[in-house]
Structure formats: structure tokens, C-alpha cells
Amino acid sequence: MSLKILAQAWNRFFFDPIAPTSLAIYRILTGLVFLWNAGILFEDVEEFFGDGVLTEQTALLLNGGQGMNLFRILPDGNAWIFSFFFIHVLSAIFVTLGFATRVNLILLFLTFTSLCHRNPLIVNSGDSFLRICVFFLIFSPAGAALSIDRLIRLARGKEQGPPALITPWVLRLIQLQTAWLYFTAYLWKIRGELWMNGTAVYYTTRLEEFWRFPLPYIFEHLWTIKLWTWGTLIIEFAMGTLIWIKELRYWVLLAGILLHLGIDYTMNIPLFGVIMVSAYITFVEPQHIHQAFANFRNALSRFLKLSPPLPVFYDGKCSFCRQSIAVVRALDIFHRLRFIDMHSPEASLEFPDLDLERGAQEMMVRTHSGQWFGGFLAFRKLAKYLPLAWPILPFLHLPLATRIGTRAYQKVAANRYCLINS
Amino acid sequence: MAEIKPIWKRVFVNAFIVFHIIALGLWGLPTSPFRQRLTRPFHKYVLFTGLWHSWDMFAPTPLMVNFDVVAEITYSNGGIKTWHFPRPEKMSHWRRMNKERWRKWRERVRSDSYEIVWDDTSRFVARKFWFPTNPPVAVKLIRRWDNIPQPLRTDHQPIPPEYQKKSSFEFHEYKVKREDAP
């Protein structure tokens with residue numbers, strides 16, 4: 001083996017481009033985990049981060065005075081603490097949605113690290129892992145896919161087609177951190193006699209403070225206790241080592257999921273399992289995610305006996321229309337719409353009743369019963385076919401929505417050549 | 001391979017990767033004098049950025065006692081109130097999940113290695129149960145515990161519905177000051 005070969009392997013591992021899907025899903029899951037965590041903390045914000053269980057001076061001593069903590073520059077008063085927490089929650093929401101992703105990842109990291117340093121007494125291993133992963137995410141193009149940022153880029157014409165490939169070095173760092181966590185957890189455990197003689201789980205399952213749902217028989221017999229103890233060691237070892245072998249990776253991940261499901265069912269350690277299993281997505285090849293989602297989409301379509309995609313007609317000669325359609329296309333994750341440039345030969349051939357004059361004025365959809373809708377009404381129709389647009393659907397049906405929507409649509413349509421250099 | 005351009009960016013990214021693999025990799029190792037020495041150059045950076053971590057969950061030896069922490073509040077009229085620190089085992093499943101941070105707090109507070117927080121903890125308890133007409137004058141923190149019995153020699157290992165905490169130790173007493181009033 002030469003240095004050149006090592007350098008090539010390094011470059012392949014960290015820099016060979018991949019689709020951004022795994023990274024984007026991990027960003028979404030991380031954002032949701034933060035929101036869940038914030039939901040748990042919300043009731044006790046004042047006691048944990050205000051003048052409650054721990055004064056700022058003592059917190060400083062616990063950190064050795066070294067931890068980055070924005071609370072130190074915050075004026076006194078609970079209103080400031082709640083505002084700080086609100087910014088934390090808001091940044092988690094925006095990270096989930098992928099809006100101003102990098103800025104919000106920075107905010108999320110700064111606020112969360114400050115919360116951890118303000119009260120280290122309540123910090124657990126899951127928090128440590130989250131801090132590290134969010135820190136790494138800051139340096140990644142986490143908003144490259146499945147994000148509002150991407151929709152904005154499509155709407156502005158700065159991006160076209162599927163999301164661009166990314167260099168996965170941040171994703172690899174998160175993978176390395178995940179695997180290292182399990183491997184060092186294994187190293188910690190094998191130092192203990194109880195883990196080696198198989199009785200560690202006997203003690204962990206008798207700690208009242210962790211009790212959740214009982215698991216009859218399993219923890220009441222020595223042979224099953226030993227099996228669980230050594231099984232934990234084997235899985236943690238595999239998660240740190242065998243996971244790097246392509247052929248074994250998904251089996252190892254499955255074992256990891258089962259381990260966490262078992263722990264989560266029997267022990268009250270909320271979030272830790274979710275945090276860890278979320279990180280498993282970084283190990284899944286993007287093409288496998290695409291394939292799995294395509295299979296799911298087809299199965300769902302068959303199961304629900306969905307109608308064929310709804311034809312949507314747009315003016316392909318207008319850049320603004322093309323960019324708007326690119327946004328709708330990105331939202332159409334279930335492929336429920338069929339986008340047709342009304343100037344294309346197939347449009348007139350397949351739909352002889354297409355009104356080209358009207359089509360030049362507004363976007364149109366044709367229902368399966370042959371009804372035509374244009375402008376705002378067309379938009380409202382197609383929104384029904386887009387699950388991602390469902391949150392706004394009720395607002396489109398409010399009284400006056402048709403009148404206001406139609407007027408707004410007409411105004412935008414009339415000025416579409418001024419809105420963008422068409 | 002995708003080229004990261006310009007070259008300074010490529011150098012920076014590679015240096016960033018190498019630095020963090022080494023710093024966080026060493027930090028995660030089980031404690032030893034060897035680890036202590038190797039992590040020293042990274043201390044300031046890791047502690048400041050909050051990238052510190054330890055994956056010693058239930059290891060090397062899991063906790064072998066069930067414990068309870070109790071605060072005994074003495075009031076100016078001589079009355080005494082006992083308050084149990086949050087006990088997840090006594091909560092509903094939903095509440096147990098939402099109050100997990102309190103479990104962690106209790107776990108740390110009862111430990112001798114967190115002696116530094118005992119005054120704060122006592123002050124918090126005093127404020128929680130403060131009556132302006134009859135303020136608390138002292139708070140005692142008491143640990144109650146019971147060792148988990150060793151596994152039986154038979155295969156069957158019954159789990160009792162509850163563990164009695166027979167041992168008890170008053171580990172801290174705090175004289176409440178006037179300025180502690182909420």
C-alpha cells in the first residue's frame with residue numbers, strides 16, 4: 001500500500017459526490033428531535049435555566065468557566081430566558097423546514113450549547129451527541145434538498161432539475177462519530193466485570209428510576225439476562241466496526257434499531273434511542289432511499305387505487321412559469337401531477353380541447369372528468385394533490401379566498417415578465 | 001472525486017476533518033492517564049465549543065443501588081416539611097418521559113462529586129416551599145438507598161415491585177438566609 005493509494009481512499013471516502021438525500025433527512029430528523037426535546041423542557045425552562053436549581057456562578061464553576069454560554073451576555077430576567085428559548089425553538093423549526101438552513105443551524109448550535117452549559121446537571125449523552133452532530137451540520141449543505149431553501153432557489157431559477165450532488169465529508173464525520181460512540185461504549189463496558197460475566201443487565205433492569213414497561217420473563221431469568229448483556233456488547237461492537245462493511249451494514253443497523261427499541265420499551269431514557277437511530281440514516285445510501293421511497297409511492301398508489309396524475313399545463317416559453325412549475329414539481333413527492341408545456345406537440349395532440357390563448361394567461365389543470373380550471377382555481381385544485389401543500393389547503397377555501405386569490409394570481413400573471421428576466 | 005476549490009478551502013476542509021477525528025476520537029476514549037495526556041492540547045477547544053462527550057452509559061459498572069433524595073425543610077416556627085426529589089418510578093408513563101431531566105438532576109445532585117451544587121439545590125427547595133409569614137430556616141438534604149441484591153444462584157431472578165431504601169444519610173445542611181427569599 002502506498003501513500004497515494006491511502007490518499008485516494010481518503011478522498012473517495014470524504015469527497016466522492018453523492019445525492020444530498022441522506023443528509024437532508026438527517027437534518028429534518030435532527031430538527032424534529034430538537035423540537036421534541038424543547039417540548040420536554042418547556043414546562044421547566046424557568047427552573048432549569050433561570051434562577052432555579054442552579055445559579056449561573058455555580059454553573060460556571062461546573063464548566064471550569066470554559067464553556068461557551070450566551071446566557072452570560074443575557075440581561076437578567078425570565079423574559080430574556082424565554083426569548084432565548086424561543087429563538088432556540090424557532091431555529092429548530094427552521095432547521096426542520098430547511099429555511100435559511102445554515103444560519104439556523106448556527107443559531108441552534110449556539111443556543112443548545114448555551115443551554116447545556118447553563119445547566120450541565122441535566123445534560124445527558126444524547127445531548128452531547130446532538131451538539132457534535134449539529135456542529136458538523138453547520139459546515140454541510142444540509143439545505144440542498146427537501147428544504148424551503150431549495151424551493152426558493154428553484155423559484156429564483158438558480159437551480160434546476162434534481163438537487164445537485166454534494167461532497168459528503170460532513171456526513172462521513174457524523175458516521176464516524178456514530179460508530180465511534182458505539183465502539184467506545186463497548187470499550188467502557190468491557191472494562192466492567194459485570195458486563196463480562198453477563199449480569200450487568202440484571203442490575204440495570206433493577207434500577208427503579210429507569211423502569212418503564214415490564215418485560216416478563218426476559219429480565220427474570222439468568223440465561224436471558226446474560227443473553228441481553230452479551231448481545232448489547234456484540235451489537236455495540238458491530239455498530240463500531242462491522243458497520244463499515246457494505247454487505248453487513250443494513251443488518252448491523254437493524255440490530256442497532258432492535259437494541260434501542262428494546263431499551264426504549266423497558267427503560268425510561270426518552271430521546272436517546274431516537275437521537276441515535278436518527279443518525280443511522282447517514283449510513284443509508286441515497287439511491288437506496290430513492291428506491292425505497294419509489295417502492296413506497298407505487299405501493300401506496302396501488303393500495304389507495306389513486307387516479308392517474310392530474311395534467312397541469314404551463315407556458316413553457318415563460319421563465320417565471322417554468323420556475324414556478326419547478327417549485328410545484330419539487331413539492332410533488334408522490335408524483336400526483338403531470339406537467340405539460342402547453343406549447344409542446346403532445347399537449348395539443350392529447351388534449352385537443354386545450355385553450356392556448358387562456359393557457360398564455362394562466363396555468364391550467366384538466367380534471368379527469370374533462371373540466372378545466374385556470375389561475376387560482378387551478379392552483380387550489382392541484383394543491384389537493386400535494387400532501388406537502390395540505391397545511392395551506394384550508395386557507396384556500398376560506399370565504400373571500402377565491403376573490404383575493406384570483407386577483408393576486410392575475411396581478412402576478414400580468415407582471416410575470418417584469419418579475420423575472422423572461 | 002469532486003474537487004473542492006479553491007485550494008485553500010481544500011486544505012482547510014482536510015485539516016478540519018483530521019483535527020476533529022483526532023480531538024473527538026481521543027476525547028471519547030475511556031478515561032486513563034494515556035487519554036488524559038493525549039487530550040490535553042484539545043481541552044480548551046472542546047470545552048468551549050461544547051463538543052465534550054463520554055459514552056460511559058451504565059459502564060464500566062452499572063449503578064447497583066436504588067436511591068431516593070429527600071429534603072427536610074425546617075420553618076421558623078419549628079415545623080418540618082419533607083419533600084421527595086422527583087421520583088420517576090412514582091409518575092405516570094407520560095409524566096415520567098417529560099420529567100426525565102429532573103431524574104438526571106436528582107442523579108447528579110445526590111452524588112458527592114457534585115457537592116458544589118448542594119447550596120444551590122437547598123436554596124431552590126427553600127424557595128419552592130417558602131411562606132412569607134413562616135419562612136424556612138434550614139434545609140437538610142438526605143440520601144436514602146438500598147443495594148440491589150446480588151443475583152440468586154438459581155435461574156429465576158424475581159423483580160420486586162418496589163425497593164425499600166433502608167439506609168439513610170444526611171449529606172448536606174443549609175442555613176437559609178434572608179436574601180434567599182424568592
# chains A, B, ... in the order shown; residues from 1 in each chain; ligands from 1

$ residues_around --residues "Leu173 in chain A" --least-positions-apart "3" --cutoff "8 Å" --atoms "only C-alpha atoms" --output "ChimeraX atom specification"
/A:136,169-170,176-177 /B:17,21

$ interface_residues --of "chain A" --to "chain B" --cutoff "7 Å" --atoms "only C-alpha atoms" --output "MDAnalysis selection string"
chainID A and resid 11:12 15:17 40 52:55 58 66:68 113 121:122 125 128 131:132 167 181 184:185 187:192 194 200 203:204 207:209 211 220:223 268 270

$ select_by_dssp --residues "chain B" --states "strand (DSSP E or B)" --output "VMD selection string"
chain B and resid 65 to 75 80 to 84 136 to 147 156 167 to 175

$ atom_distance --atom1 "CA of Arg178 in chain B" --atom2 "CA of Trp83 in chain B"
21.2 Å

$ closest_residue --among "A:Trp10, A:Phe99, A:Phe296, A:Tyr182" --to "Glu236 in chain A" --atoms "only C-alpha atoms"
A:Tyr182

$ residues_around --residues "range 73-76 of chain B" --least-positions-apart "4" --cutoff "10 Å" --atoms "only C-alpha atoms" --output "VMD selection string"
chain B and resid 80 to 83 122 125 to 126 129 to 131 133 to 141 173 to 176

$ write_last_selection --atoms "N, CA and C atoms" --output "mmCIF file, in the first residue's frame"
data_model
loop_
_atom_site.group_PDB
_atom_site.id
_atom_site.type_symbol
_atom_site.label_atom_id
_atom_site.label_comp_id
_atom_site.auth_asym_id
_atom_site.auth_seq_id
_atom_site.Cartn_x
_atom_site.Cartn_y
_atom_site.Cartn_z
ATOM 1 N N ILE B 80 -41.660 21.131 60.345
ATOM 2 C CA ILE B 80 -40.763 20.445 59.392
ATOM 3 C C ILE B 80 -41.581 19.885 58.235
ATOM 4 N N LYS B 81 -41.074 20.085 57.031
ATOM 5 C CA LYS B 81 -41.733 19.514 55.838
ATOM 6 C C LYS B 81 -40.720 18.649 55.099
ATOM 7 N N THR B 82 -41.190 17.518 54.634
ATOM 8 C CA THR B 82 -40.308 16.628 53.870
ATOM 9 C C THR B 82 -40.723 16.656 52.402
ATOM 10 N N TRP B 83 -39.741 16.844 51.552
ATOM 11 C CA TRP B 83 -40.027 16.851 50.106
ATOM 12 C C TRP B 83 -39.152 15.823 49.394
ATOM 13 N N SER B 122 -30.331 23.351 47.846
ATOM 14 C CA SER B 122 -31.066 23.630 49.085
ATOM 15 C C SER B 122 -31.838 24.938 48.939
ATOM 16 N N VAL B 125 -34.943 24.420 46.951
ATOM 17 C CA VAL B 125 -36.005 23.753 47.733
ATOM 18 C C VAL B 125 -36.648 24.755 48.698
ATOM 19 N N ALA B 126 -35.805 25.566 49.349
ATOM 20 C CA ALA B 126 -36.332 26.553 50.309
ATOM 21 C C ALA B 126 -37.291 27.508 49.608
ATOM 22 N N PHE B 129 -40.783 26.087 48.684
ATOM 23 C CA PHE B 129 -41.760 25.927 49.780
ATOM 24 C C PHE B 129 -41.662 27.099 50.753
ATOM 25 N N TRP B 130 -41.562 28.263 50.231
ATOM 26 C CA TRP B 130 -41.374 29.473 51.042
ATOM 27 C C TRP B 130 -42.733 30.078 51.403
ATOM 28 N N PHE B 131 -42.928 30.333 52.665
ATOM 29 C CA PHE B 131 -44.126 31.062 53.104
ATOM 30 C C PHE B 131 -43.645 32.365 53.753
ATOM 31 N N THR B 133 -44.905 34.367 55.775
ATOM 32 C CA THR B 133 -45.208 34.502 57.199
ATOM 33 C C THR B 133 -44.455 33.474 58.046
ATOM 34 N N ASN B 134 -43.990 32.439 57.404
ATOM 35 C CA ASN B 134 -43.283 31.385 58.136
ATOM 36 C C ASN B 134 -42.158 30.833 57.247
ATOM 37 N N PRO B 135 -41.084 31.635 57.048
ATOM 38 C CA PRO B 135 -40.041 31.233 56.088
ATOM 39 C C PRO B 135 -39.199 30.058 56.592
ATOM 40 N N PRO B 136 -38.621 29.323 55.656
ATOM 41 C CA PRO B 136 -37.740 28.222 56.075
ATOM 42 C C PRO B 136 -36.451 28.776 56.697
ATOM 43 N N VAL B 137 -35.896 28.046 57.641
ATOM 44 C CA VAL B 137 -34.639 28.483 58.261
ATOM 45 C C VAL B 137 -33.491 27.525 57.927
ATOM 46 N N ALA B 138 -33.853 26.297 57.598
ATOM 47 C CA ALA B 138 -32.797 25.324 57.257
ATOM 48 C C ALA B 138 -33.343 24.272 56.300
ATOM 49 N N VAL B 139 -32.439 23.778 55.464
ATOM 50 C CA VAL B 139 -32.806 22.676 54.556
ATOM 51 C C VAL B 139 -31.744 21.591 54.695
ATOM 52 N N LYS B 140 -32.213 20.386 54.958
ATOM 53 C CA LYS B 140 -31.278 19.248 55.022
ATOM 54 C C LYS B 140 -31.504 18.377 53.788
ATOM 55 N N LEU B 141 -30.428 17.939 53.184
ATOM 56 C CA LEU B 141 -30.540 17.018 52.041
ATOM 57 C C LEU B 141 -30.152 15.623 52.524
ATOM 58 N N GLU B 173 -26.469 20.273 54.973
ATOM 59 C CA GLU B 173 -27.417 21.125 55.692
ATOM 60 C C GLU B 173 -27.146 22.565 55.298
ATOM 61 N N TYR B 174 -28.199 23.272 54.995
ATOM 62 C CA TYR B 174 -28.057 24.657 54.535
ATOM 63 C C TYR B 174 -28.885 25.573 55.422
ATOM 64 N N LYS B 175 -28.238 26.607 55.943
ATOM 65 C CA LYS B 175 -28.951 27.613 56.746
ATOM 66 C C LYS B 175 -29.510 28.653 55.773
ATOM 67 N N VAL B 176 -30.799 28.765 55.747
ATOM 68 C CA VAL B 176 -31.439 29.674 54.783
ATOM 69 C C VAL B 176 -31.191 31.126 55.199
#

$ residues_around --residues "Ile263 in chain A" --least-positions-apart "2" --cutoff "12 Å" --atoms "only C-alpha atoms" --output "VMD selection string"
chain A and resid 201 204 to 205 210 to 215 228 to 229 232 256 to 261 265 to 274

$ write_last_selection --atoms "N, CA and C atoms" --output "short mmCIF file (atom, residue, chain, number, x, y, z; two decimals), in the first residue's frame"
data_model
loop_
_atom_site.label_atom_id
_atom_site.label_comp_id
_atom_site.auth_asym_id
_atom_site.auth_seq_id
_atom_site.Cartn_x
_atom_site.Cartn_y
_atom_site.Cartn_z
N VAL A 201 -26.98 -6.41 32.93
CA VAL A 201 -28.38 -6.08 32.65
C VAL A 201 -29.28 -6.44 33.84
N THR A 204 -29.08 -3.15 35.73
CA THR A 204 -29.72 -2.01 35.05
C THR A 204 -31.24 -2.15 35.05
N THR A 205 -31.72 -3.38 34.98
CA THR A 205 -33.18 -3.58 34.94
C THR A 205 -33.80 -3.53 36.34
N PHE A 210 -35.41 3.95 36.20
CA PHE A 210 -35.48 3.77 34.75
C PHE A 210 -36.67 2.91 34.33
N TRP A 211 -37.42 2.40 35.27
CA TRP A 211 -38.48 1.46 34.92
C TRP A 211 -39.50 2.09 33.98
N ARG A 212 -39.85 1.32 32.97
CA ARG A 212 -40.89 1.77 32.05
C ARG A 212 -41.93 0.66 31.93
N PHE A 213 -41.92 -0.04 30.81
CA PHE A 213 -42.89 -1.13 30.66
C PHE A 213 -42.20 -2.44 31.05
N PRO A 214 -42.90 -3.28 31.78
CA PRO A 214 -42.26 -4.54 32.19
C PRO A 214 -42.12 -5.50 31.00
N LEU A 215 -41.08 -6.29 31.06
CA LEU A 215 -40.88 -7.31 30.03
C LEU A 215 -40.81 -8.65 30.76
N TRP A 228 -28.96 -10.91 26.93
CA TRP A 228 -29.18 -9.47 26.68
C TRP A 228 -27.89 -8.68 26.92
N THR A 229 -27.18 -9.03 28.01
CA THR A 229 -25.93 -8.33 28.33
C THR A 229 -24.90 -8.52 27.23
N THR A 232 -25.86 -6.94 23.92
CA THR A 232 -25.58 -5.49 23.88
C THR A 232 -24.13 -5.25 23.48
N GLY A 256 -28.96 -2.59 15.62
CA GLY A 256 -28.92 -1.36 16.43
C GLY A 256 -30.33 -0.86 16.74
N ILE A 257 -31.19 -0.88 15.73
CA ILE A 257 -32.57 -0.42 15.94
C ILE A 257 -33.26 -1.31 16.97
N LEU A 258 -33.06 -2.63 16.83
CA LEU A 258 -33.69 -3.56 17.78
C LEU A 258 -33.19 -3.32 19.20
N LEU A 259 -31.88 -3.06 19.32
CA LEU A 259 -31.30 -2.78 20.64
C LEU A 259 -31.98 -1.56 21.26
N HIS A 260 -32.09 -0.50 20.48
CA HIS A 260 -32.68 0.74 21.01
C HIS A 260 -34.18 0.57 21.29
N LEU A 261 -34.85 -0.20 20.43
CA LEU A 261 -36.28 -0.45 20.68
C LEU A 261 -36.46 -1.17 22.02
N TYR A 265 -38.29 0.45 25.20
CA TYR A 265 -39.51 -0.17 25.72
C TYR A 265 -39.39 -0.43 27.23
N THR A 266 -38.22 -0.87 27.63
CA THR A 266 -38.08 -1.29 29.02
C THR A 266 -37.57 -0.19 29.94
N MET A 267 -36.82 0.77 29.37
CA MET A 267 -36.19 1.79 30.24
C MET A 267 -36.65 3.19 29.85
N ASN A 268 -36.83 4.02 30.86
CA ASN A 268 -37.25 5.39 30.61
C ASN A 268 -36.03 6.27 30.34
N ILE A 269 -35.56 6.18 29.10
CA ILE A 269 -34.46 7.06 28.67
C ILE A 269 -34.95 7.74 27.39
N PRO A 270 -35.91 8.65 27.52
CA PRO A 270 -36.52 9.20 26.32
C PRO A 270 -35.50 9.95 25.47
N LEU A 271 -35.73 9.92 24.21
CA LEU A 271 -34.95 10.64 23.19
C LEU A 271 -33.62 9.98 22.81
N PHE A 272 -32.93 9.34 23.75
CA PHE A 272 -31.60 8.82 23.39
C PHE A 272 -31.69 7.85 22.20
N GLY A 273 -32.63 6.92 22.28
CA GLY A 273 -32.81 5.95 21.20
C GLY A 273 -33.16 6.65 19.89
N VAL A 274 -34.05 7.63 19.98
CA VAL A 274 -34.48 8.35 18.78
C VAL A 274 -33.30 9.12 18.17
#

$ select_by_dssp --residues "range 20-79 of chain B" --states "helix (DSSP H, G or I)" --output "list of chain:residue names"
B:His20, B:Ile21, B:Ile22, B:Ala23, B:Leu24, B:Gly25, B:Leu26, B:Trp27, B:Gly28, B:Pro33, B:Phe34, B:Arg35, B:Gln36, B:Arg37, B:Leu38, B:Thr39, B:Arg40, B:Pro41, B:Phe42, B:His43, B:Lys44, B:Tyr45, B:Val46, B:Leu47, B:Phe48, B:Thr49

$ write_last_selection --atoms "N, CA and C atoms" --output "PDB file, in the first residue's frame"
ATOM      1  N   HIS B  20     -10.691  17.148  13.892  1.00  0.00           N
ATOM      2  CA  HIS B  20     -11.852  16.693  14.667  1.00  0.00           C
ATOM      3  C   HIS B  20     -11.874  15.183  14.865  1.00  0.00           C
ATOM      4  N   ILE B  21     -11.351  14.450  13.900  1.00  0.00           N
ATOM      5  CA  ILE B  21     -11.267  12.994  14.101  1.00  0.00           C
ATOM      6  C   ILE B  21     -10.348  12.711  15.290  1.00  0.00           C
ATOM      7  N   ILE B  22      -9.210  13.408  15.332  1.00  0.00           N
ATOM      8  CA  ILE B  22      -8.254  13.164  16.417  1.00  0.00           C
ATOM      9  C   ILE B  22      -8.816  13.678  17.749  1.00  0.00           C
ATOM     10  N   ALA B  23      -9.280  14.931  17.748  1.00  0.00           N
ATOM     11  CA  ALA B  23      -9.724  15.542  19.012  1.00  0.00           C
ATOM     12  C   ALA B  23     -10.900  14.778  19.618  1.00  0.00           C
ATOM     13  N   LEU B  24     -11.944  14.553  18.807  1.00  0.00           N
ATOM     14  CA  LEU B  24     -13.138  13.900  19.356  1.00  0.00           C
ATOM     15  C   LEU B  24     -12.909  12.408  19.557  1.00  0.00           C
ATOM     16  N   GLY B  25     -12.088  11.828  18.697  1.00  0.00           N
ATOM     17  CA  GLY B  25     -11.776  10.404  18.848  1.00  0.00           C
ATOM     18  C   GLY B  25     -11.086  10.134  20.176  1.00  0.00           C
ATOM     19  N   LEU B  26     -10.084  10.944  20.482  1.00  0.00           N
ATOM     20  CA  LEU B  26      -9.359  10.763  21.750  1.00  0.00           C
ATOM     21  C   LEU B  26     -10.263  11.088  22.935  1.00  0.00           C
ATOM     22  N   TRP B  27     -11.093  12.125  22.783  1.00  0.00           N
ATOM     23  CA  TRP B  27     -11.962  12.542  23.887  1.00  0.00           C
ATOM     24  C   TRP B  27     -12.933  11.424  24.292  1.00  0.00           C
ATOM     25  N   GLY B  28     -13.361  10.658  23.314  1.00  0.00           N
ATOM     26  CA  GLY B  28     -14.348   9.605  23.585  1.00  0.00           C
ATOM     27  C   GLY B  28     -13.775   8.368  24.252  1.00  0.00           C
ATOM     28  N   PRO B  33      -4.726   7.567  32.195  1.00  0.00           N
ATOM     29  CA  PRO B  33      -3.687   8.606  32.157  1.00  0.00           C
ATOM     30  C   PRO B  33      -3.243   8.900  30.725  1.00  0.00           C
ATOM     31  N   PHE B  34      -3.243   7.859  29.903  1.00  0.00           N
ATOM     32  CA  PHE B  34      -2.857   7.971  28.492  1.00  0.00           C
ATOM     33  C   PHE B  34      -3.809   8.930  27.761  1.00  0.00           C
ATOM     34  N   ARG B  35      -5.112   8.719  27.973  1.00  0.00           N
ATOM     35  CA  ARG B  35      -6.122   9.576  27.342  1.00  0.00           C
ATOM     36  C   ARG B  35      -5.981  11.010  27.860  1.00  0.00           C
ATOM     37  N   GLN B  36      -5.776  11.103  29.163  1.00  0.00           N
ATOM     38  CA  GLN B  36      -5.656  12.409  29.806  1.00  0.00           C
ATOM     39  C   GLN B  36      -4.557  13.237  29.142  1.00  0.00           C
ATOM     40  N   ARG B  37      -3.424  12.578  28.912  1.00  0.00           N
ATOM     41  CA  ARG B  37      -2.289  13.282  28.333  1.00  0.00           C
ATOM     42  C   ARG B  37      -2.566  13.671  26.880  1.00  0.00           C
ATOM     43  N   LEU B  38      -3.169  12.730  26.152  1.00  0.00           N
ATOM     44  CA  LEU B  38      -3.385  12.978  24.729  1.00  0.00           C
ATOM     45  C   LEU B  38      -4.440  14.051  24.457  1.00  0.00           C
ATOM     46  N   THR B  39      -5.408  14.162  25.366  1.00  0.00           N
ATOM     47  CA  THR B  39      -6.493  15.118  25.101  1.00  0.00           C
ATOM     48  C   THR B  39      -6.144  16.535  25.576  1.00  0.00           C
ATOM     49  N   ARG B  40      -5.072  16.659  26.340  1.00  0.00           N
ATOM     50  CA  ARG B  40      -4.733  17.963  26.927  1.00  0.00           C
ATOM     51  C   ARG B  40      -4.678  19.109  25.896  1.00  0.00           C
ATOM     52  N   PRO B  41      -4.042  18.899  24.738  1.00  0.00           N
ATOM     53  CA  PRO B  41      -3.970  20.018  23.771  1.00  0.00           C
ATOM     54  C   PRO B  41      -5.351  20.466  23.263  1.00  0.00           C
ATOM     55  N   PHE B  42      -6.343  19.589  23.391  1.00  0.00           N
ATOM     56  CA  PHE B  42      -7.656  19.915  22.828  1.00  0.00           C
ATOM     57  C   PHE B  42      -8.644  20.443  23.870  1.00  0.00           C
ATOM     58  N   HIS B  43      -8.229  20.437  25.149  1.00  0.00           N
ATOM     59  CA  HIS B  43      -9.132  20.776  26.246  1.00  0.00           C
ATOM     60  C   HIS B  43      -9.900  22.065  26.017  1.00  0.00           C
ATOM     61  N   LYS B  44      -9.172  23.146  25.787  1.00  0.00           N
ATOM     62  CA  LYS B  44      -9.797  24.467  25.692  1.00  0.00           C
ATOM     63  C   LYS B  44     -10.829  24.480  24.567  1.00  0.00           C
ATOM     64  N   TYR B  45     -10.429  23.955  23.418  1.00  0.00           N
ATOM     65  CA  TYR B  45     -11.313  23.980  22.249  1.00  0.00           C
ATOM     66  C   TYR B  45     -12.569  23.138  22.501  1.00  0.00           C
ATOM     67  N   VAL B  46     -12.382  21.923  22.967  1.00  0.00           N
ATOM     68  CA  VAL B  46     -13.517  21.007  23.141  1.00  0.00           C
ATOM     69  C   VAL B  46     -14.467  21.511  24.231  1.00  0.00           C
ATOM     70  N   LEU B  47     -13.906  22.023  25.325  1.00  0.00           N
ATOM     71  CA  LEU B  47     -14.768  22.505  26.413  1.00  0.00           C
ATOM     72  C   LEU B  47     -15.509  23.776  25.997  1.00  0.00           C
ATOM     73  N   PHE B  48     -14.848  24.651  25.276  1.00  0.00           N
ATOM     74  CA  PHE B  48     -15.501  25.896  24.862  1.00  0.00           C
ATOM     75  C   PHE B  48     -16.633  25.619  23.876  1.00  0.00           C
ATOM     76  N   THR B  49     -16.358  24.787  22.881  1.00  0.00           N
ATOM     77  CA  THR B  49     -17.361  24.553  21.834  1.00  0.00           C
ATOM     78  C   THR B  49     -18.477  23.603  22.278  1.00  0.00           C
TER      79      THR B  49
END

$ closest_residue --among "B:His172, B:Arg10, B:Lys165, B:Lys5" --to "Arg110 in chain B" --atoms "only C-alpha atoms"
B:His172

$ residues_around --residues "Ser168 in chain B" --least-positions-apart "2" --cutoff "10 Å" --atoms "only C-alpha atoms" --output "PyMOL selection string"
chain B and resi 67-70+142-146+165-166+170-171

$ write_last_selection --atoms "C-alpha atoms" --output "mmCIF file, in the first residue's frame"
data_model
loop_
_atom_site.group_PDB
_atom_site.id
_atom_site.type_symbol
_atom_site.label_atom_id
_atom_site.label_comp_id
_atom_site.auth_asym_id
_atom_site.auth_seq_id
_atom_site.Cartn_x
_atom_site.Cartn_y
_atom_site.Cartn_z
ATOM 1 C CA PHE B 67 -31.808 5.710 45.813
ATOM 2 C CA ASP B 68 -34.081 8.488 46.778
ATOM 3 C CA VAL B 69 -33.202 12.056 47.701
ATOM 4 C CA VAL B 70 -35.240 13.851 50.324
ATOM 5 C CA ILE B 142 -30.822 13.323 52.757
ATOM 6 C CA ARG B 143 -29.933 10.297 50.637
ATOM 7 C CA ARG B 144 -31.864 7.087 51.143
ATOM 8 C CA TRP B 145 -30.751 3.971 49.378
ATOM 9 C CA ASP B 146 -30.797 0.258 49.128
ATOM 10 C CA LYS B 165 -34.489 2.356 50.885
ATOM 11 C CA LYS B 166 -33.404 1.360 54.384
ATOM 12 C CA GLU B 170 -27.869 13.433 55.706
ATOM 13 C CA PHE B 171 -25.322 14.760 53.259
#

$ closest_residue --among "A:Asn119, A:Ile325, A:Val89, A:Arg150" --to "Leu62 in chain A" --atoms "only C-alpha atoms"
A:Asn119

$ residues_around --residues "Thr367 in chain A" --least-positions-apart "6" --cutoff "9 Å" --atoms "only C-alpha atoms" --output "ChimeraX atom specification"
/A:310-311,373,381

$ closest_atom_pairs --of "range 80-153 of chain A" --to "range 327-330 of chain A" --cutoff "10 Å" --atoms "only C-alpha atoms" --output "CSV"
residue,atom,partner,partner_atom,distance
A:Ala145,CA,A:Ala330,CA,9.5
A:Leu146,CA,A:Ala330,CA,8.4
A:Ser147,CA,A:Ala330,CA,9.7
A:Ile148,CA,A:Val327,CA,9.8
A:Arg150,CA,A:Val327,CA,8.6
A:Leu151,CA,A:Val327,CA,5.5
A:Ile152,CA,A:Val327,CA,8.0
A:Arg153,CA,A:Val327,CA,8.9

$ write_last_selection --atoms "C-alpha atoms" --output "tab-separated table (two decimals), in the first residue's frame"
chain	number	residue	atom	x	y	z
A	145	ALA	CA	-32.62	19.02	-0.66
A	146	LEU	CA	-36.04	18.66	0.98
A	147	SER	CA	-35.91	22.26	2.10
A	148	ILE	CA	-37.54	25.63	1.66
A	150	ARG	CA	-34.19	24.63	-2.36
A	151	LEU	CA	-37.71	25.77	-3.28
A	152	ILE	CA	-36.51	29.37	-3.12
A	153	ARG	CA	-33.54	28.55	-5.34

$ atom_distance --atom1 "CA of Tyr314 in chain A" --atom2 "CA of Glu350 in chain A"
15.0 Å
